[in-house]
Amino acid sequence: MTDKTLGELVSLKGRRALITGSAAGIGKAMAARFAEAGADLVLVDIDEKKLKESADELREWGVDVAPRKVDLSKKAEIDALWDTLKGTDPDTLVNNAGIYPFRDFLDIDEEFFEKVYAINLESVLWMCQHMIEARKKKGGVIINVGSIEAILPFKKGMVHYDASKAGVIGLTRGLARDFGDKRFRINVLLPGGIVTPGTKGAATEFFKGNVGLAKTAYDFMARIPLGRLGDPDEVARAALFLACDLSSYITGALLAVDGGFLSA
Ligand code: NAD
C-alpha cells in the first residue's frame with residue numbers, strides 16, 4: 001500500500017514527457033493535461049508552426065516545454081532527436097503521431113504503404129528502442145496509441161492502417177513482457193471515433209463523391225453505446241492515468257477510449 005495521496009498519485013511534477021504528434025488533435029490535448037499535471041514536455045511534430053504555438057500556450061502552466069520539429073517517417077531524424085535529448089531524456093514517452101489516409105486495398109502501392117507503416121509503426125518501434133536504451137537503468141512509462149480499428153476493422157479502405165495499428169499492439173505487449181523487470185510500464189491506448197483536425201479532414205475525403213459511405217458513418221455512430229463521438233481531452237485523461245502512479249501496476253494493457261464501441 002502506497003502512502004501517496006491521491007493528488008500525489010495523479011501528479012506528474014518532476015517528470016518529463018515526450019509526446020509525438022502534439023501540435024494538433026489528441027497529442028495536443030495530452031500535452032495540455034500533462035502540463036497541467038506538472039510535467040515538463042518535449043513536443044514532437046512535423047508541423048513546426050503549430051508546434052511552436054502549442055508550446056507557447058503550454059508554458060503558461062509554468063513547465064518547461066521544448067518543441068522539436070521531427071519527421072517521424074525518417075529514422076535519421078528520430079536518431080538525431082534522441083542525440084539532442086542526452087542528459088535530459090524523458091521518463092515518459094507517448095507515441096501518438098499517426099496518419100490514416102483512406103485507400104482501397106487494391107490501389108495500395110509500395111510508396112503509400114511504406115509511408116503509413118513508417119509513421120504509424122516503425123517510428124513507434126525506434127522511439128521505444130531509444131527510450132529503453134536511454135533509461136535501461138531507470139525504467140519509465142511508454143504509452144503507444146493504437147486504434148479500435150486494429151481490433152475491429154470497421155471502415156473500408158483502411159487495411160494498411162489496420163495492419164499498422166495491430167503492429168503497435170503487438171509491439172507494445174512484447175516490450176511490456178521484455179522490459180517489465182527493468183521497471184518499464186508500457187501500455188496501448190485504443191481511441192475510438194474522436195473529433196480532431198485529422199478525422200475532420202479524413203471525413204471530408206471519405207464523403208467526396210461516395211454517398212454509400214454515409215451508411216458506414218451511420219452504422220459507426222449507431223454502434224457506440226455512449227451515442228456520440230469522443231473529444232481529444234477524453235483520450236488525454238486516459239493517457240494521464242496511464243502516465244501517472246494511479247496505474248502503477250498496469251502494463252501490457254489495451255485501454256479502449258471508444259464510448260464502448262468495442263464492447264457493443
Ligand atoms: P491528427 O491528424 O489530428 O494529428 C496528428 C498529428 O501528428 C499532427 O499534428 C501531425 O502534424 C502529426 N504528424 C503527422 N505525421 C507526422 C510525421 N511524419 N512526423 C511527425 N509528426 C507527424 O490526428 P489525431 O486524430 O489526433 O490522431 C492521433 C493518433 O490517434 C493517431 O495515431 C491516430 O491513428 C490515433 N487514432 C485517432 C482516432 C481518431 O478518431 N481521431 C481514432 C483511433 C486512433
# chains A, B, ... in the order shown; residues from 1 in each chain; ligands from 1
$ residues_near_ligand --ligand "ligand 1" --cutoff "6 Å" --atoms "only C-alpha atoms and all ligand atoms" --output "PyMOL selection string"
chain A and resi 21-27+45-47+70-73+96-100+119+145-147+191-199
$ select_by_dssp --residues "stretch 83-211 of chain A" --states "strand (DSSP E)" --output "number ranges by chain"
A: 92-95, 140-145, 184-191
$ closest_residue --among "A:Arg68, A:His130, A:Arg33, A:Arg228" --to "A:Asp91" --atoms "only C-alpha atoms"
A:His130
$ residues_around --residues "A:Ile224" --least-positions-apart "2" --cutoff "9 Å" --atoms "only C-alpha atoms" --output "CSV table (one decimal) with C-alpha atoms, in the first residue's frame"
chain,number,residue,atom,x,y,z
A,220,PHE,CA,-20.4,3.5,-36.8
A,221,MET,CA,-22.4,6.0,-34.7
A,222,ALA,CA,-25.2,3.5,-34.1
A,226,LEU,CA,-22.5,6.3,-25.4
A,227,GLY,CA,-24.1,7.6,-28.6
A,228,ARG,CA,-21.5,10.2,-29.5
A,229,LEU,CA,-18.0,10.8,-30.8
A,258,ASP,CA,-14.2,4.5,-27.5
A,259,GLY,CA,-17.5,5.2,-25.9
A,260,GLY,CA,-18.0,1.4,-25.6
A,261,PHE,CA,-17.7,0.8,-29.4
A,262,LEU,CA,-15.6,-2.5,-29.0
A,263,SER,CA,-18.0,-3.9,-26.4
A,264,ALA,CA,-21.2,-3.4,-28.4
$ residues_around --residues "stretch 13-17 of chain A" --least-positions-apart "4" --cutoff "6 Å" --atoms "only C-alpha atoms" --output "PyMOL selection string"
chain A and resi 38-41+90-93
$ write_last_selection --atoms "C-alpha atoms" --output "mmCIF file, in the first residue's frame"
data_model
loop_
_atom_site.group_PDB
_atom_site.id
_atom_site.type_symbol
_atom_site.label_atom_id
_atom_site.label_comp_id
_atom_site.auth_asym_id
_atom_site.auth_seq_id
_atom_site.Cartn_x
_atom_site.Cartn_y
_atom_site.Cartn_z
ATOM 1 C CA GLY A 38 3.140 19.422 -13.791
ATOM 2 C CA ALA A 39 5.230 17.550 -16.372
ATOM 3 C CA ASP A 40 7.982 19.209 -18.369
ATOM 4 C CA LEU A 41 7.414 18.458 -22.023
ATOM 5 C CA PRO A 90 12.204 11.873 -20.882
ATOM 6 C CA ASP A 91 10.894 9.365 -18.323
ATOM 7 C CA THR A 92 7.592 9.185 -20.192
ATOM 8 C CA LEU A 93 7.127 8.628 -23.914
#
$ residues_around --residues "A:Asn144" --least-positions-apart "5" --cutoff "9 Å" --atoms "only C-alpha atoms" --output "PyMOL selection string"
chain A and resi 93-96+124+168-169+172+186-190
$ write_last_selection --atoms "C-alpha atoms" --output "compact mmCIF listing (two decimals), in the first residue's frame"
# COMPACT_ATOMS: atom_id res chain seq x y z
CA LEU A 93 7.13 8.63 -23.91
CA VAL A 94 3.81 8.90 -25.72
CA ASN A 95 3.89 7.65 -29.30
CA ASN A 96 0.76 9.33 -30.55
CA VAL A 124 6.97 3.82 -32.64
CA VAL A 168 1.55 -1.24 -32.48
CA ILE A 169 -0.43 -3.53 -30.16
CA THR A 172 3.57 -2.79 -27.00
CA ILE A 186 4.24 0.02 -21.46
CA ASN A 187 0.58 0.22 -22.47
CA VAL A 188 -1.51 0.94 -25.53
CA LEU A 189 -4.47 3.29 -25.85
CA LEU A 190 -7.14 2.46 -28.40
$ atom_distance --atom1 "atom CA of A:Arg177" --atom2 "atom CA of A:Ile250"
11.9 Å
$ closest_residue --among "A:Glu149, A:Leu85, A:Lys28, A:Gly7" --to "A:Lys50" --atoms "only C-alpha atoms"
A:Lys28
$ residues_around --residues "A:Glu53" --least-positions-apart "4" --cutoff "10 Å" --atoms "only C-alpha atoms" --output "list in words"
Ala23, Glu48, Lys49, Glu57, Leu58 and Pro67 of chain A
$ select_by_dssp --residues "stretch 9-119 of chain A" --states "helix (DSSP H, G or I)" --output "ChimeraX atom specification"
/A:9-10,25-36,48-61,75-85,105-107,110-119
$ write_last_selection --atoms "N, CA and C atoms" --output "short mmCIF file (atom, residue, chain, number, x, y, z; two decimals), in the first residue's frame"
data_model
loop_
_atom_site.label_atom_id
_atom_site.label_comp_id
_atom_site.auth_asym_id
_atom_site.auth_seq_id
_atom_site.Cartn_x
_atom_site.Cartn_y
_atom_site.Cartn_z
N LEU A 9 -0.53 10.88 -6.42
CA LEU A 9 -0.58 9.79 -7.40
C LEU A 9 -0.84 10.29 -8.81
N VAL A 10 -1.64 11.33 -8.92
CA VAL A 10 -2.02 11.82 -10.25
C VAL A 10 -1.03 12.87 -10.78
N GLY A 25 -4.83 17.86 -32.39
CA GLY A 25 -5.66 16.70 -32.05
C GLY A 25 -5.39 16.10 -30.68
N ILE A 26 -5.34 14.77 -30.67
CA ILE A 26 -5.21 14.03 -29.41
C ILE A 26 -3.89 14.35 -28.71
N GLY A 27 -2.80 14.44 -29.48
CA GLY A 27 -1.48 14.72 -28.89
C GLY A 27 -1.43 16.08 -28.23
N LYS A 28 -2.06 17.05 -28.85
CA LYS A 28 -2.08 18.39 -28.27
C LYS A 28 -2.87 18.39 -26.95
N ALA A 29 -4.00 17.67 -26.95
CA ALA A 29 -4.80 17.56 -25.72
C ALA A 29 -4.02 16.85 -24.62
N MET A 30 -3.27 15.83 -24.98
CA MET A 30 -2.44 15.13 -23.99
C MET A 30 -1.40 16.08 -23.39
N ALA A 31 -0.76 16.85 -24.27
CA ALA A 31 0.27 17.78 -23.80
C ALA A 31 -0.33 18.77 -22.80
N ALA A 32 -1.55 19.22 -23.06
CA ALA A 32 -2.19 20.19 -22.16
C ALA A 32 -2.44 19.57 -20.78
N ARG A 33 -2.97 18.33 -20.76
CA ARG A 33 -3.25 17.69 -19.46
C ARG A 33 -1.95 17.36 -18.71
N PHE A 34 -0.94 16.93 -19.47
CA PHE A 34 0.34 16.58 -18.82
C PHE A 34 0.97 17.84 -18.22
N ALA A 35 0.86 18.97 -18.94
CA ALA A 35 1.41 20.23 -18.41
C ALA A 35 0.65 20.63 -17.15
N GLU A 36 -0.66 20.49 -17.20
CA GLU A 36 -1.48 20.82 -16.02
C GLU A 36 -1.09 19.95 -14.83
N GLU A 48 5.94 22.63 -37.65
CA GLU A 48 6.72 23.49 -36.76
C GLU A 48 5.90 24.68 -36.23
N LYS A 49 5.07 25.24 -37.11
CA LYS A 49 4.33 26.45 -36.72
C LYS A 49 3.33 26.14 -35.59
N LYS A 50 2.55 25.08 -35.80
CA LYS A 50 1.54 24.72 -34.78
C LYS A 50 2.22 24.24 -33.50
N LEU A 51 3.34 23.60 -33.67
CA LEU A 51 4.10 23.10 -32.52
C LEU A 51 4.54 24.26 -31.62
N LYS A 52 5.02 25.32 -32.26
CA LYS A 52 5.50 26.47 -31.52
C LYS A 52 4.34 27.17 -30.80
N GLU A 53 3.21 27.27 -31.51
CA GLU A 53 2.02 27.89 -30.90
C GLU A 53 1.60 27.10 -29.66
N SER A 54 1.60 25.78 -29.82
CA SER A 54 1.22 24.90 -28.73
C SER A 54 2.17 25.07 -27.54
N ALA A 55 3.46 25.11 -27.84
CA ALA A 55 4.48 25.24 -26.79
C ALA A 55 4.29 26.55 -26.03
N ASP A 56 4.03 27.64 -26.76
CA ASP A 56 3.85 28.95 -26.11
C ASP A 56 2.65 28.91 -25.15
N GLU A 57 1.56 28.26 -25.58
CA GLU A 57 0.38 28.16 -24.71
C GLU A 57 0.69 27.36 -23.44
N LEU A 58 1.42 26.26 -23.63
CA LEU A 58 1.62 25.34 -22.50
C LEU A 58 2.59 25.87 -21.45
N ARG A 59 3.49 26.77 -21.86
CA ARG A 59 4.44 27.33 -20.89
C ARG A 59 3.71 28.09 -19.79
N GLU A 60 2.47 28.50 -20.09
CA GLU A 60 1.69 29.22 -19.07
C GLU A 60 1.41 28.36 -17.84
N TRP A 61 1.58 27.03 -17.98
CA TRP A 61 1.42 26.16 -16.80
C TRP A 61 2.68 26.19 -15.92
N LYS A 75 14.02 7.66 -39.93
CA LYS A 75 14.74 7.17 -38.74
C LYS A 75 15.90 8.09 -38.39
N ALA A 76 16.57 8.64 -39.41
CA ALA A 76 17.72 9.52 -39.14
C ALA A 76 17.28 10.72 -38.29
N GLU A 77 16.07 11.23 -38.53
CA GLU A 77 15.59 12.37 -37.73
C GLU A 77 15.26 11.93 -36.30
N ILE A 78 14.76 10.71 -36.16
CA ILE A 78 14.48 10.19 -34.81
C ILE A 78 15.79 10.03 -34.03
N ASP A 79 16.79 9.48 -34.70
CA ASP A 79 18.11 9.30 -34.06
C ASP A 79 18.69 10.66 -33.63
N ALA A 80 18.56 11.65 -34.53
CA ALA A 80 19.10 12.99 -34.23
C ALA A 80 18.35 13.60 -33.04
N LEU A 81 17.04 13.38 -32.97
CA LEU A 81 16.24 13.89 -31.84
C LEU A 81 16.79 13.35 -30.52
N TRP A 82 17.02 12.04 -30.46
CA TRP A 82 17.47 11.44 -29.19
C TRP A 82 18.89 11.87 -28.84
N ASP A 83 19.69 12.20 -29.87
CA ASP A 83 21.03 12.75 -29.58
C ASP A 83 20.90 14.06 -28.81
N THR A 84 19.91 14.88 -29.21
CA THR A 84 19.75 16.18 -28.55
C THR A 84 19.17 16.02 -27.14
N LEU A 85 18.58 14.85 -26.85
CA LEU A 85 17.94 14.66 -25.54
C LEU A 85 18.89 14.09 -24.49
N PHE A 105 -7.67 -1.27 -50.85
CA PHE A 105 -6.55 -2.21 -50.73
C PHE A 105 -5.88 -2.49 -52.08
N LEU A 106 -6.70 -2.63 -53.14
CA LEU A 106 -6.13 -2.99 -54.44
C LEU A 106 -5.38 -1.83 -55.08
N ASP A 107 -5.53 -0.63 -54.54
CA ASP A 107 -4.82 0.54 -55.09
C ASP A 107 -3.55 0.89 -54.30
N GLU A 110 3.71 0.47 -53.07
CA GLU A 110 4.77 0.35 -52.08
C GLU A 110 5.02 1.68 -51.36
N GLU A 111 5.05 2.76 -52.13
CA GLU A 111 5.36 4.08 -51.55
C GLU A 111 4.32 4.48 -50.49
N PHE A 112 3.05 4.25 -50.84
CA PHE A 112 1.96 4.59 -49.92
C PHE A 112 2.05 3.75 -48.64
N PHE A 113 2.19 2.43 -48.83
CA PHE A 113 2.22 1.54 -47.68
C PHE A 113 3.41 1.85 -46.78
N GLU A 114 4.56 2.10 -47.42
CA GLU A 114 5.76 2.37 -46.61
C GLU A 114 5.62 3.63 -45.78
N LYS A 115 4.93 4.64 -46.33
CA LYS A 115 4.75 5.89 -45.58
C LYS A 115 3.86 5.64 -44.35
N VAL A 116 2.75 4.94 -44.56
CA VAL A 116 1.85 4.66 -43.43
C VAL A 116 2.58 3.83 -42.37
N TYR A 117 3.28 2.82 -42.83
CA TYR A 117 4.00 1.95 -41.90
C TYR A 117 5.11 2.69 -41.16
N ALA A 118 5.82 3.55 -41.91
CA ALA A 118 6.96 4.27 -41.30
C ALA A 118 6.49 5.14 -40.15
N ILE A 119 5.38 5.85 -40.36
CA ILE A 119 4.91 6.77 -39.30
C ILE A 119 4.17 6.01 -38.20
#
$ atom_distance --atom1 "atom CA of A:Ala238" --atom2 "atom CA of A:Val257"
7.5 Å
$ closest_residue --among "A:Ala239, A:Leu125, A:Ala214, A:Leu18" --to "A:Val65" --atoms "only C-alpha atoms"
A:Leu18
$ atom_distance --atom1 "atom CA of A:Lys137" --atom2 "atom CA of A:Arg173"
20.4 Å
$ closest_residue --among "A:Ile142, A:Val235, A:Lys200, A:Ile148" --to "A:Ile19" --atoms "only C-alpha atoms"
A:Ile142
